[in-house]
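Peer 1: Sharing structure_20.cif here; it has mmCIF, C-alpha atoms.
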data_query
#
loop_
_atom_site.label_atom_id
_atom_site.label_comp_id
_atom_site.auth_asym_id
_atom_site.auth_seq_id
_atom_site.Cartn_x
_atom_site.Cartn_y
_atom_site.Cartn_z
CA MET A 963 -0.51 -34.97 -11.71
CA ILE A 964 0.38 -31.45 -12.83
CA VAL A 965 -1.98 -29.16 -14.71
CA GLU A 966 -0.50 -26.68 -17.17
CA MET A 967 -1.03 -23.15 -15.88
CA SER A 968 -2.50 -22.17 -19.26
CA ALA A 969 -5.27 -24.74 -18.72
CA ILE A 970 -6.38 -23.18 -15.45
CA ALA A 971 -9.11 -20.56 -15.69
CA GLU A 972 -8.38 -16.99 -14.64
CA LEU A 973 -10.70 -14.62 -12.84
CA GLY A 974 -12.55 -12.00 -14.83
CA THR A 975 -11.43 -9.45 -12.24
CA GLN A 976 -7.66 -9.19 -12.49
CA VAL A 977 -6.10 -7.82 -9.31
CA ALA A 978 -2.62 -6.32 -9.61
CA MET A 979 0.05 -6.68 -6.96
CA HIS A 980 0.10 -4.35 -3.99
CA GLY A 981 1.73 -1.08 -5.01
CA ALA A 982 0.99 -1.49 -8.71
CA VAL A 983 -1.40 1.46 -8.60
CA ARG A 984 -0.14 4.85 -7.52
CA ALA A 985 -1.71 5.42 -4.14
CA SER A 986 0.63 7.75 -2.34
CA GLU A 987 4.16 9.02 -2.41
CA ILE A 988 5.43 5.93 -0.64
CA ALA A 989 3.89 3.31 -2.98
CA ILE A 990 7.06 2.77 -5.00
CA ASP A 991 9.07 2.30 -1.81
CA ASP A 992 6.51 -0.27 -0.65
CA VAL A 993 6.90 -2.30 -3.85
CA PHE A 994 10.67 -2.16 -3.56
CA GLU A 995 10.56 -3.40 0.04
CA LEU A 996 8.10 -6.15 -0.87
CA ILE A 997 10.32 -7.45 -3.67
CA VAL A 998 13.50 -7.18 -1.61
CA GLY A 999 11.76 -9.12 1.18
CA ILE A 1000 10.85 -11.91 -1.23
CA ILE A 1001 14.38 -12.05 -2.65
CA VAL A 1002 15.90 -12.27 0.83
CA LEU A 1003 13.53 -15.11 1.69
CA VAL A 1004 14.29 -16.96 -1.54
CA ILE A 1005 18.03 -16.65 -0.93
CA GLU A 1006 17.57 -18.04 2.58
CA MET A 1007 15.52 -20.97 1.22
CA THR A 1008 18.02 -21.81 -1.52
CA PRO A 1009 21.48 -21.82 0.05
CA ASP A 1010 22.89 -23.64 -2.99
CA GLY A 1011 21.36 -21.12 -5.35
CA VAL A 1012 19.13 -23.74 -6.95
CA PRO A 1013 15.39 -23.66 -6.23
CA GLY A 1014 14.41 -27.02 -4.80
CA GLY A 1015 18.05 -28.00 -4.51
CA MET B 295 39.08 4.43 -6.80
CA PRO B 296 40.30 6.80 -4.07
CA ALA B 297 40.39 5.38 -0.56
CA PHE B 298 37.54 6.33 1.73
CA PRO B 299 38.90 8.98 4.15
CA GLN B 300 39.38 7.32 7.52
CA GLY B 301 38.50 10.53 9.35
CA LEU B 302 35.16 10.73 7.57
CA ARG B 303 34.49 7.07 8.34
CA ALA B 304 34.90 7.76 12.05
CA GLU B 305 32.66 10.83 11.79
CA LEU B 306 29.97 8.83 10.00
CA ILE B 307 29.99 6.13 12.68
CA ALA B 308 29.84 8.75 15.41
CA SER B 309 27.01 10.63 13.66
CA ARG B 310 25.04 7.42 13.34
CA ARG B 311 25.16 6.95 17.11
CA LEU B 312 24.30 10.59 17.62
CA SER B 313 21.37 10.37 15.19
CA LEU B 314 19.96 7.34 16.98
CA ALA B 315 20.30 9.02 20.38
CA ILE B 316 18.61 12.24 19.24
CA ALA B 317 15.82 10.26 17.53
CA LYS B 318 15.26 8.27 20.73
CA ASP B 319 15.00 11.47 22.78
CA TRP B 320 12.64 12.99 20.22
CA ARG B 321 10.35 9.96 20.24
CA GLY B 322 10.37 10.05 24.03
CA SER B 323 9.30 13.69 24.15
CA GLU B 324 5.87 14.56 25.51
CA GLU B 325 4.92 16.29 22.24
CA TYR B 326 5.65 13.13 20.23
CA ARG B 327 3.94 10.78 22.68
CA ALA B 328 0.83 12.99 22.75
CA ILE B 329 0.52 12.58 18.99
CA VAL B 330 0.89 8.80 19.18
CA ARG B 331 -1.75 8.68 21.93
CA GLY B 332 -4.07 10.62 19.63
CA LEU B 333 -3.68 7.91 16.99
CA GLU B 334 -4.65 4.95 19.16
CA GLY B 335 -7.72 2.78 18.65
CA SER B 336 -9.18 0.46 16.06
CA ASP B 337 -12.29 2.27 14.82
CA PRO B 338 -11.35 4.12 11.61
CA GLU B 339 -13.77 6.99 12.19
CA VAL B 340 -12.56 7.49 15.77
CA LEU B 341 -8.97 7.37 14.53
CA ALA B 342 -9.77 9.96 11.86
CA ASP B 343 -11.32 12.20 14.54
CA GLY B 344 -8.13 11.78 16.59
CA ALA B 345 -5.96 12.53 13.58
CA GLU B 346 -7.98 15.65 12.82
CA ALA B 347 -7.38 16.88 16.38
CA VAL B 348 -3.66 16.05 16.16
CA LEU B 349 -3.27 17.90 12.86
CA ALA B 350 -5.16 20.93 14.17
CA GLN B 351 -3.48 21.18 17.57
CA THR B 352 0.14 20.16 17.00
CA ASP B 353 2.66 22.96 16.72
CA TRP B 354 4.76 21.33 13.99
CA PRO B 355 7.72 23.76 14.07
CA VAL B 356 8.01 23.19 17.83
CA LEU B 357 7.75 19.41 17.40
CA LEU B 358 10.47 19.35 14.75
CA ALA B 359 12.72 21.98 16.37
CA PRO B 360 15.09 19.51 18.13
CA LEU B 361 15.76 17.73 14.83
CA ILE B 362 16.27 20.98 12.92
CA ASP B 363 18.68 22.16 15.62
CA ALA B 364 20.57 18.87 15.38
CA LEU B 365 20.80 19.20 11.62
CA ALA B 366 22.18 22.73 11.96
CA ALA B 367 24.79 21.61 14.50
CA TYR B 368 25.83 18.31 12.90
CA PRO B 369 25.83 18.17 9.08
CA LEU B 370 25.92 14.36 9.13
CA PHE B 371 22.86 14.06 11.37
CA GLU B 372 20.17 11.81 9.84
CA PRO B 373 16.58 12.70 10.80
CA PRO B 374 14.64 9.53 11.73
CA PHE B 375 12.27 9.74 8.77
CA ARG B 376 11.55 7.64 5.75
CA ILE B 377 12.05 10.08 2.89
CA SER B 378 10.74 9.90 -0.67
CA ARG B 379 11.40 12.28 -3.53
CA ASP B 380 10.27 12.69 -7.10
CA ALA B 381 10.08 15.56 -9.57
CA VAL B 382 7.00 17.06 -7.90
CA ARG B 383 7.01 15.94 -4.28
CA THR B 384 9.38 15.59 -1.35
CA GLY B 385 7.83 13.62 1.47
CA ALA B 386 8.82 12.32 4.89
CA VAL B 387 6.97 9.94 7.21
CA LEU B 388 7.15 11.78 10.53
CA ILE B 389 5.24 9.37 12.74
CA ASP B 390 4.46 5.72 12.10
CA ALA B 391 1.98 4.45 14.71
CA PRO B 392 0.39 0.98 14.51
CA MET B 393 -2.97 2.17 13.17
CA ALA B 394 -2.04 5.44 11.49
CA SER B 395 0.92 7.35 10.12
CA ILE B 396 1.62 11.03 9.63
CA SER B 397 3.68 12.32 6.73
CA MET B 398 4.66 15.77 5.57
CA SER B 399 5.02 16.65 1.90
CA LEU B 400 6.14 19.64 -0.09
CA LEU B 401 4.77 19.74 -3.63
CA ASP B 402 5.74 21.92 -6.55
CA GLY B 403 2.27 23.30 -7.26
CA LYS B 404 3.25 24.49 -10.74
CA ALA B 405 4.40 21.01 -11.76
CA LEU B 406 1.38 19.01 -10.63
CA PRO B 407 0.55 16.21 -13.08
CA SER B 408 -2.82 15.95 -14.82
CA PRO B 409 -3.51 12.21 -14.68
CA ALA B 410 -6.23 10.60 -16.75
CA THR B 411 -7.31 8.48 -13.79
CA THR B 412 -8.18 8.91 -10.14
CA ILE B 413 -7.38 6.48 -7.33
CA PHE B 414 -9.70 5.21 -4.60
CA ALA B 415 -6.95 4.23 -2.19
CA GLY B 416 -9.18 2.30 0.21
CA TYR B 417 -8.24 4.11 3.43
CA ILE B 418 -9.12 7.35 5.20
CA THR B 419 -6.75 10.29 4.99
CA VAL B 420 -6.92 13.57 6.88
CA THR B 421 -4.87 16.36 5.32
CA ARG B 422 -3.93 19.73 6.77
CA TYR B 423 -2.84 22.15 4.07
CA LEU B 424 -0.26 24.29 5.84
CA ARG B 425 0.27 26.05 2.50
CA ALA B 426 -2.47 25.46 -0.04
CA GLY B 427 -0.68 27.15 -2.96
CA GLY B 428 -4.00 28.38 -4.33
CA ALA B 429 -4.82 24.82 -5.33
CA THR B 430 -8.18 23.28 -6.11
CA LEU B 431 -9.14 19.82 -4.89
CA ARG B 432 -11.00 17.82 -7.53
CA ARG B 433 -13.08 15.04 -6.00
CA TRP B 434 -14.97 11.88 -7.01
CA GLU B 435 -17.24 9.33 -5.36
CA VAL B 436 -17.78 5.62 -6.00
CA ASP B 437 -19.88 2.83 -4.49
CA SER B 438 -18.47 0.88 -1.53
CA LEU B 439 -16.69 -2.40 -2.22
CA THR B 440 -18.89 -5.43 -1.64
CA PRO B 441 -17.71 -9.02 -0.98
CA GLY B 442 -18.94 -10.01 -4.45
CA PHE B 443 -17.18 -7.13 -6.25
CA THR B 444 -16.24 -7.81 -9.88
CA SER B 445 -14.72 -5.46 -12.43
CA ALA B 446 -17.42 -6.43 -14.95
CA THR B 447 -20.20 -5.16 -12.71
CA ALA B 448 -18.36 -2.19 -11.15
CA THR B 449 -20.24 1.08 -11.37
CA PRO B 450 -18.49 4.21 -12.67
CA CYS B 451 -17.27 6.86 -10.28
CA ARG B 452 -19.07 10.19 -10.15
CA PRO B 453 -17.55 13.71 -9.91
CA LEU B 454 -18.23 15.80 -6.81
CA PRO B 455 -17.95 19.59 -6.58
CA SER B 456 -14.33 20.79 -6.38
CA LEU B 457 -12.99 22.57 -3.31
CA ALA B 458 -10.89 25.74 -3.37
CA LEU B 459 -8.21 25.10 -0.72
CA THR B 460 -7.08 27.71 1.75
CA ASP B 461 -4.05 27.79 4.05
CA GLY B 462 -4.78 25.81 7.22
CA ALA B 463 -7.70 23.86 5.76
CA ILE B 464 -8.18 20.33 7.13
CA ILE B 465 -9.84 17.92 4.70
CA ARG B 466 -10.92 14.35 5.43
CA CYS B 467 -11.15 11.90 2.50
CA ASP B 468 -12.58 8.42 2.97
CA GLY B 469 -10.63 6.64 0.24
CA ARG B 470 -12.96 3.64 0.44
CA THR B 471 -15.55 5.66 -1.51
CA ARG B 472 -13.87 8.99 -2.29
CA SER B 473 -10.87 10.12 -4.32
CA GLN B 474 -9.21 13.49 -4.78
CA LEU B 475 -6.63 15.19 -6.96
CA LEU B 476 -4.81 18.49 -6.52
CA GLY B 477 -4.85 20.91 -9.43
CA ASP B 478 -4.66 24.55 -10.54
CA ALA B 479 -2.03 25.50 -7.96
CA SER B 480 0.00 28.67 -8.34
CA GLY B 481 2.68 27.99 -5.71
CA PRO B 482 4.21 25.42 -3.38
CA ILE B 483 1.85 23.17 -1.41
CA LEU B 484 2.85 22.01 2.06
CA THR B 485 0.73 19.25 3.57
CA ILE B 486 0.61 17.08 6.64
CA VAL B 487 -1.35 13.91 5.98
CA ALA B 488 -2.62 11.36 8.48
CA THR B 489 -3.20 7.97 6.85
CA ILE B 490 -5.57 5.69 8.76
CA ARG B 491 -4.70 2.02 8.32
CA ALA B 492 -7.58 0.61 10.38
CA GLY B 493 -10.66 -0.43 8.43
CA ALA B 494 -8.95 -0.14 5.05
CA ALA B 495 -10.60 -1.75 2.02
CA PRO B 496 -8.83 -4.82 0.57
CA LEU B 497 -8.64 -3.37 -2.95
CA ILE B 498 -7.38 -0.14 -4.52
CA ARG B 499 -9.49 0.98 -7.47
CA GLU B 500 -8.40 3.20 -10.36
CA HIS B 501 -11.12 4.94 -12.38
CA ARG B 502 -10.90 6.95 -15.59
CA ILE B 503 -11.74 10.62 -15.05
CA ALA B 504 -13.26 11.13 -18.51
CA ASP B 505 -16.14 8.67 -18.10
CA GLY B 506 -15.75 7.29 -14.58
CA ALA B 507 -15.11 3.73 -15.77
CA LEU B 508 -13.07 1.30 -13.66
CA VAL B 509 -9.63 0.92 -15.23
CA ARG B 510 -7.64 -1.22 -12.84
CA VAL B 511 -7.77 -2.95 -9.47
CA ALA B 512 -4.83 -3.69 -7.19
CA SER B 513 -4.43 -5.40 -3.87
CA ALA B 514 -4.25 -3.05 -0.92
CA ASP B 515 -2.79 -5.81 1.22
CA GLU B 516 0.96 -6.28 1.06
CA ALA B 517 0.71 -9.63 2.88
CA ALA B 518 -1.67 -11.03 0.25
CA SER B 519 0.71 -10.03 -2.56
CA ARG B 520 3.63 -11.56 -0.70
CA THR B 521 1.65 -14.78 -0.22
CA GLU B 522 0.92 -15.00 -3.94
CA MET B 523 4.57 -14.45 -4.89
CA LEU B 524 5.79 -17.04 -2.40
CA LEU B 525 3.28 -19.64 -3.58
CA THR B 526 4.56 -19.13 -7.13
CA PHE B 527 8.06 -19.71 -5.81
CA LEU B 528 6.99 -22.89 -4.00
CA ARG B 529 5.38 -24.23 -7.20
CA ARG B 530 8.44 -23.48 -9.28
CA SER B 531 10.56 -25.15 -6.60
CA GLY B 532 8.42 -28.30 -6.82
CA ARG B 533 7.58 -28.18 -3.11
CA THR B 534 4.75 -30.73 -3.02
CA ASP B 535 5.32 -30.99 0.73
CA ALA B 536 3.83 -27.50 1.07
CA SER B 537 0.23 -28.55 0.30
CA PRO B 538 -1.08 -27.39 3.72
CA ARG B 539 0.19 -23.89 2.93
CA PHE B 540 -1.60 -23.87 -0.43
CA ASP B 541 -4.77 -25.19 1.20
CA ALA B 542 -4.62 -22.45 3.85
CA ALA B 543 -4.14 -19.75 1.20
CA THR B 544 -7.22 -20.96 -0.71
CA ARG B 545 -9.16 -19.85 2.40
CA ASP B 546 -7.68 -16.31 2.44
CA PRO B 547 -10.19 -13.46 2.92
CA ALA B 548 -9.13 -11.95 -0.44
CA PHE B 549 -10.88 -13.68 -3.35
CA HIS B 550 -8.01 -13.11 -5.77
CA THR B 551 -5.52 -14.61 -3.33
CA ARG B 552 -7.73 -17.69 -2.87
CA TRP B 553 -7.82 -18.30 -6.61
CA ALA B 554 -4.14 -17.47 -7.14
CA ALA B 555 -3.31 -20.08 -4.49
CA MET B 556 -5.49 -22.68 -6.18
CA ARG B 557 -3.90 -22.00 -9.59
CA GLU B 558 -0.43 -22.47 -8.15
CA TRP B 559 -1.48 -25.59 -6.26
CA LEU B 560 -2.95 -27.15 -9.41
CA GLY B 561 0.24 -26.33 -11.27
CA LEU B 562 2.23 -28.07 -8.56
CA ASP B 563 0.17 -31.06 -7.47
CA ALA B 564 -3.31 -31.23 -8.98
CA ARG B 565 -4.13 -34.56 -7.31
CA ALA B 566 -3.69 -32.98 -3.87
CA ALA B 567 -5.66 -29.87 -4.89
CA LEU B 568 -8.67 -31.48 -6.53
CA ALA B 569 -10.87 -31.95 -3.45
CA ARG B 570 -10.42 -28.32 -2.45
CA LEU B 571 -11.03 -27.23 -6.07
CA SER B 572 -14.40 -29.02 -5.97
CA GLU B 573 -15.26 -27.27 -2.71
CA MET B 574 -14.42 -23.88 -4.22
CA ALA B 575 -16.54 -24.58 -7.30
CA ALA B 576 -19.49 -25.30 -5.02
CA ASN B 577 -19.05 -22.98 -2.07
CA ASP B 578 -16.58 -20.13 -2.59
CA PRO B 579 -18.22 -16.86 -1.56
CA HIS B 580 -17.04 -15.02 -4.70
CA PRO B 581 -18.95 -15.69 -7.95
CA GLU B 582 -15.89 -15.44 -10.21
CA VAL B 583 -13.95 -17.92 -8.08
CA ARG B 584 -16.83 -20.39 -8.26
CA THR B 585 -17.00 -19.95 -12.05
CA ALA B 586 -13.24 -20.32 -12.53
CA ALA B 587 -13.12 -23.38 -10.27
CA ALA B 588 -16.01 -25.06 -12.10
CA ALA B 589 -14.44 -24.31 -15.51
CA THR B 590 -11.09 -25.70 -14.39
CA LEU B 591 -12.71 -28.82 -12.94
CA ALA B 592 -14.39 -29.43 -16.28
CA ARG B 593 -11.11 -28.99 -18.18
CA ILE B 594 -9.28 -31.39 -15.89
CA ALA B 595 -12.06 -33.94 -16.15
CA CYS B 596 -12.21 -33.67 -19.97
CA PRO B 597 -8.78 -32.48 -21.19
CA ALA B 598 -8.76 -31.19 -24.78
#
Mind turning this structure into structure tokens?
Peer 2:
Amino acid sequence: MIVEMSAIAELGTQVAMHGAVRASEIAIDDVFELIVGIIVLVIEMTPDGVPGG
Amino acid sequence: MPAFPQGLRAELIASRRLSLAIAKDWRGSEEYRAIVRGLEGSDPEVLADGAEAVLAQTDWPVLLAPLIDALAAYPLFEPPFRISRDAVRTGAVLIDAPMASISMSLLDGKALPSPATTIFAGYITVTRYLRAGGATLRRWEVDSLTPGFTSATATPCRPLPSLALTDGAIIRCDGRTRSQLLGDASGPILTIVATIRAGAAPLIREHRIADGALVRVASADEAASRTEMLLTFLRRSGRTDASPRFDAATRDPAFHTRWAAMREWLGLDARAALARLSEMAANDPHPEVRTAAAATLARIACPA
């Protein structure tokens, strides 16, 4: 059974991703490194280039 | 495209080795190690005391002299710093210890922005203004984060008296309840900032200056954000075998990560997630998570 994401309640307090708020001069670099880290992991998990494949 | 000069390639490779060797020597120097020793510990206040002493006592030109000499002698030398630049600021992370880091920044005091919001970063900073540039430090205060924090019930921040900065001033700012903004500068501002990682709050809060109202909240925890992004990826990949990972993430200390994990789990395999959803509706420590879980349970039980 799968529930549509739109049917799942959201929190009243929305919390943005780390780095979304300017906190220091290195915040943008932090976001870049976070996203690059995720992309590298995804590439390693999907050697055929197809998620789940 | 012209070929890359082979001579320059050899020089670059050689300079890389040289840069690493000089950086290793620099980090092994007594001056460097004394600073790192001053930033040891786990208590944020003790660390801030240590940072204050480090900022006051370190002779920065002497500390950086070997690297400046290397740069003068070898144009391709790369100082071992993480550098960031924008229109107003050039910054370098000089020392990155486990519980604290020290960075140096040069700001164009005449180009300082006038933001409409102020940020409560969630961690303690200690700043030494080597050159204050005639700047003023505007400051605000807000209540501490509580485990049941919600944006709907957040209190506004309050202005504190501004400080006129002088050369050499050392200012501590507990970003868990205080924020600050530089303004009114007439010249360049050179700072050394110690950022204390220990004891940091889990959320960064952005408040509007005009009326103090909370504008936005962001996670202060990179790991929590990474977890949420990876759980989305697992759902989109149809990885129903990853249920234990989703279950574990619904027990994360951060309330938003717990609920994000449950949303992704329901979108992937609601049958597996239902028991945990019921538990969260009854027992989650955060009121908004309990409310969202109960509402979702009701929708699943009685779909429209």
Peer 1: Here is a test: counting all atoms listed in the file, which residue of B:Ile316, B:Ala359, B:Ser480, B:Ile594 is nearest to Ala564 in chain B?
Peer 2: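 Smallest separation from Ala564 in chain B among the options: B:Ile594.
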Peer 1: Just how far from CA of Leu357 in chain B is CA of Ala488 in chain B, in Å to one decimal?
Peer 2: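 Distance reported for this atom pair: 15.9 Å.
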Peer 1: Check which residues of range 366-445 of chain B sit at most 8 Å from range 497-518 of chain B using all atoms listed in the file, and return one row each with the closest pair of atoms and their distance in Å to one decimal, ordered by chain and rising number, as a Markdown table.
Peer 2:
| residue | atom | partner | partner_atom | distance |
| --- | --- | --- | --- | --- |
| B:Ala410 | CA | B:Ile503 | CA | 5.8 |
| B:Thr411 | CA | B:Arg502 | CA | 4.3 |
| B:Thr412 | CA | B:His501 | CA | 5.4 |
| B:Ile413 | CA | B:Glu500 | CA | 4.6 |
| B:Phe414 | CA | B:Arg499 | CA | 5.1 |
| B:Ala415 | CA | B:Ile498 | CA | 5.0 |
| B:Gly416 | CA | B:Ile498 | CA | 5.6 |
| B:Ser445 | CA | B:Leu508 | CA | 7.1 |
Peer 1: May I have the residues at most 9 Å from (-15.5, -30.0, -10.7) in the file's coordinates, counting only C-alpha atoms, as a ChimeraX atom specification?
Peer 2: /B:568-569,571-576,587-595
Peer 1: Only C-alpha atoms, please: the residues just picked out, written as a short mmCIF file (atom, residue, chain, number, x, y, z; two decimals), in the frame of the given file.
Peer 2:
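As written to disk, again-v4.cif reads:
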data_model
loop_
_atom_site.label_atom_id
_atom_site.label_comp_id
_atom_site.auth_asym_id
_atom_site.auth_seq_id
_atom_site.Cartn_x
_atom_site.Cartn_y
_atom_site.Cartn_z
CA LEU B 568 -8.67 -31.48 -6.53
CA ALA B 569 -10.87 -31.95 -3.45
CA LEU B 571 -11.03 -27.23 -6.07
CA SER B 572 -14.40 -29.02 -5.97
CA GLU B 573 -15.26 -27.27 -2.71
CA MET B 574 -14.42 -23.88 -4.22
CA ALA B 575 -16.54 -24.58 -7.30
CA ALA B 576 -19.49 -25.30 -5.02
CA ALA B 587 -13.12 -23.38 -10.27
CA ALA B 588 -16.01 -25.06 -12.10
CA ALA B 589 -14.44 -24.31 -15.51
CA THR B 590 -11.09 -25.70 -14.39
CA LEU B 591 -12.71 -28.82 -12.94
CA ALA B 592 -14.39 -29.43 -16.28
CA ARG B 593 -11.11 -28.99 -18.18
CA ILE B 594 -9.28 -31.39 -15.89
CA ALA B 595 -12.06 -33.94 -16.15
#
Peer 1: Env of range 331-343 of chain B: 12 Å cut, atoms = only C-alpha atoms, seq-sep filter 6 positions within chain, self excluded. Answer as a PyMOL selection string.
Peer 2: chain B and resi 324-325+349-352+389-396+416-421+464-470+487-495
Peer 1: Next, write the just-selected residues to a file, as a PDB file, keeping the file's coordinate frame, keeping C-alpha atoms as the atom set.
Peer 2:
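Contents of the output file out_29.pdb:
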ATOM      1  CA  GLU B 324       5.870  14.560  25.510  1.00  0.00           C
ATOM      2  CA  GLU B 325       4.920  16.290  22.240  1.00  0.00           C
ATOM      3  CA  LEU B 349      -3.270  17.900  12.860  1.00  0.00           C
ATOM      4  CA  ALA B 350      -5.160  20.930  14.170  1.00  0.00           C
ATOM      5  CA  GLN B 351      -3.480  21.180  17.570  1.00  0.00           C
ATOM      6  CA  THR B 352       0.140  20.160  17.000  1.00  0.00           C
ATOM      7  CA  ILE B 389       5.240   9.370  12.740  1.00  0.00           C
ATOM      8  CA  ASP B 390       4.460   5.720  12.100  1.00  0.00           C
ATOM      9  CA  ALA B 391       1.980   4.450  14.710  1.00  0.00           C
ATOM     10  CA  PRO B 392       0.390   0.980  14.510  1.00  0.00           C
ATOM     11  CA  MET B 393      -2.970   2.170  13.170  1.00  0.00           C
ATOM     12  CA  ALA B 394      -2.040   5.440  11.490  1.00  0.00           C
ATOM     13  CA  SER B 395       0.920   7.350  10.120  1.00  0.00           C
ATOM     14  CA  ILE B 396       1.620  11.030   9.630  1.00  0.00           C
ATOM     15  CA  GLY B 416      -9.180   2.300   0.210  1.00  0.00           C
ATOM     16  CA  TYR B 417      -8.240   4.110   3.430  1.00  0.00           C
ATOM     17  CA  ILE B 418      -9.120   7.350   5.200  1.00  0.00           C
ATOM     18  CA  THR B 419      -6.750  10.290   4.990  1.00  0.00           C
ATOM     19  CA  VAL B 420      -6.920  13.570   6.880  1.00  0.00           C
ATOM     20  CA  THR B 421      -4.870  16.360   5.320  1.00  0.00           C
ATOM     21  CA  ILE B 464      -8.180  20.330   7.130  1.00  0.00           C
ATOM     22  CA  ILE B 465      -9.840  17.920   4.700  1.00  0.00           C
ATOM     23  CA  ARG B 466     -10.920  14.350   5.430  1.00  0.00           C
ATOM     24  CA  CYS B 467     -11.150  11.900   2.500  1.00  0.00           C
ATOM     25  CA  ASP B 468     -12.580   8.420   2.970  1.00  0.00           C
ATOM     26  CA  GLY B 469     -10.630   6.640   0.240  1.00  0.00           C
ATOM     27  CA  ARG B 470     -12.960   3.640   0.440  1.00  0.00           C
ATOM     28  CA  VAL B 487      -1.350  13.910   5.980  1.00  0.00           C
ATOM     29  CA  ALA B 488      -2.620  11.360   8.480  1.00  0.00           C
ATOM     30  CA  THR B 489      -3.200   7.970   6.850  1.00  0.00           C
ATOM     31  CA  ILE B 490      -5.570   5.690   8.760  1.00  0.00           C
ATOM     32  CA  ARG B 491      -4.700   2.020   8.320  1.00  0.00           C
ATOM     33  CA  ALA B 492      -7.580   0.610  10.380  1.00  0.00           C
ATOM     34  CA  GLY B 493     -10.660  -0.430   8.430  1.00  0.00           C
ATOM     35  CA  ALA B 494      -8.950  -0.140   5.050  1.00  0.00           C
ATOM     36  CA  ALA B 495     -10.600  -1.750   2.020  1.00  0.00           C
TER      37      ALA B 495
END
Peer 1: Given the file above and the PyMOL selection byres ((chain A) within 6 of (chain B)), which residues are selected, and can you give them as JSON, numbers by chain?
Peer 2: {"A": [963, 964, 965, 966, 967, 970, 971, 973, 975, 977, 978, 979, 980, 985, 1013, 1014]}
Peer 1: What is the CA of Leu388 in chain B-CA of Pro374 in chain B distance in Å, reported with one decimal?
Peer 2: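 Separation between CA of Leu388 in chain B and CA of Pro374 in chain B: 7.9 Å.
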Peer 1: Kindly give the distance, in Å, that separates CA of Asp437 in chain B and CA of Leu454 in chain B, rounded to a single decimal.
Peer 2: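 Those two atoms sit 13.3 Å apart.
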Peer 1: Apply the PyMOL selection byres ((chain B and resi 406) around 9) to the file shown and report the selected residues as a list of chain:residue names.
Peer 2: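 Going through the file, the PyMOL selection byres ((chain B and resi 406) around 9) ends up selecting B:Val382, B:Leu401, B:Asp402, B:Gly403, B:Lys404, B:Ala405, B:Pro407, B:Ser408, B:Leu476, B:Gly477, B:Asp478, B:Ala479.
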Peer 1: Find the residues around Ala315 in chain B up to 12 Å (all atoms listed in the file counted), leave out those fewer than 6 positions away in its own chain, and share them as a ChimeraX atom specification.
Peer 2: /B:308-309,321-322,360-361,364,371-374
Peer 1: Since the input has fewer atoms than a full residue there, write range 966-977 of chain A out with N, CA and C atoms, as a PDB file, keeping the file's coordinate frame.
Peer 2:
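Okay, selection_15.pdb is ready:
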ATOM      1  N   GLU A 966      -1.158 -27.849 -16.581  1.00  0.00           N
ATOM      2  CA  GLU A 966      -0.500 -26.680 -17.170  1.00  0.00           C
ATOM      3  C   GLU A 966      -1.199 -25.411 -16.716  1.00  0.00           C
ATOM      4  N   MET A 967      -0.431 -24.394 -16.368  1.00  0.00           N
ATOM      5  CA  MET A 967      -1.030 -23.150 -15.880  1.00  0.00           C
ATOM      6  C   MET A 967      -1.976 -22.550 -16.930  1.00  0.00           C
ATOM      7  N   SER A 968      -1.647 -22.736 -18.204  1.00  0.00           N
ATOM      8  CA  SER A 968      -2.500 -22.170 -19.260  1.00  0.00           C
ATOM      9  C   SER A 968      -3.865 -22.843 -19.326  1.00  0.00           C
ATOM     10  N   ALA A 969      -3.990 -24.024 -18.703  1.00  0.00           N
ATOM     11  CA  ALA A 969      -5.270 -24.740 -18.720  1.00  0.00           C
ATOM     12  C   ALA A 969      -6.145 -24.370 -17.536  1.00  0.00           C
ATOM     13  N   ILE A 970      -5.622 -23.549 -16.660  1.00  0.00           N
ATOM     14  CA  ILE A 970      -6.380 -23.180 -15.450  1.00  0.00           C
ATOM     15  C   ILE A 970      -7.050 -21.833 -15.682  1.00  0.00           C
ATOM     16  N   ALA A 971      -8.349 -21.789 -15.433  1.00  0.00           N
ATOM     17  CA  ALA A 971      -9.110 -20.560 -15.690  1.00  0.00           C
ATOM     18  C   ALA A 971      -8.571 -19.401 -14.850  1.00  0.00           C
ATOM     19  N   GLU A 972      -8.739 -18.202 -15.389  1.00  0.00           N
ATOM     20  CA  GLU A 972      -8.380 -16.990 -14.640  1.00  0.00           C
ATOM     21  C   GLU A 972      -9.652 -16.249 -14.275  1.00  0.00           C
ATOM     22  N   LEU A 973      -9.545 -15.410 -13.261  1.00  0.00           N
ATOM     23  CA  LEU A 973     -10.700 -14.620 -12.840  1.00  0.00           C
ATOM     24  C   LEU A 973     -10.970 -13.512 -13.851  1.00  0.00           C
ATOM     25  N   GLY A 974     -12.221 -13.153 -13.991  1.00  0.00           N
ATOM     26  CA  GLY A 974     -12.550 -12.000 -14.830  1.00  0.00           C
ATOM     27  C   GLY A 974     -11.992 -10.719 -14.237  1.00  0.00           C
ATOM     28  N   THR A 975     -11.981 -10.626 -12.918  1.00  0.00           N
ATOM     29  CA  THR A 975     -11.430  -9.450 -12.240  1.00  0.00           C
ATOM     30  C   THR A 975      -9.960  -9.687 -11.942  1.00  0.00           C
ATOM     31  N   GLN A 976      -9.103  -9.058 -12.714  1.00  0.00           N
ATOM     32  CA  GLN A 976      -7.660  -9.190 -12.490  1.00  0.00           C
ATOM     33  C   GLN A 976      -7.234  -8.191 -11.418  1.00  0.00           C
ATOM     34  N   VAL A 977      -6.529  -8.681 -10.413  1.00  0.00           N
ATOM     35  CA  VAL A 977      -6.100  -7.820  -9.310  1.00  0.00           C
ATOM     36  C   VAL A 977      -4.579  -7.728  -9.331  1.00  0.00           C
TER      37      VAL A 977
END
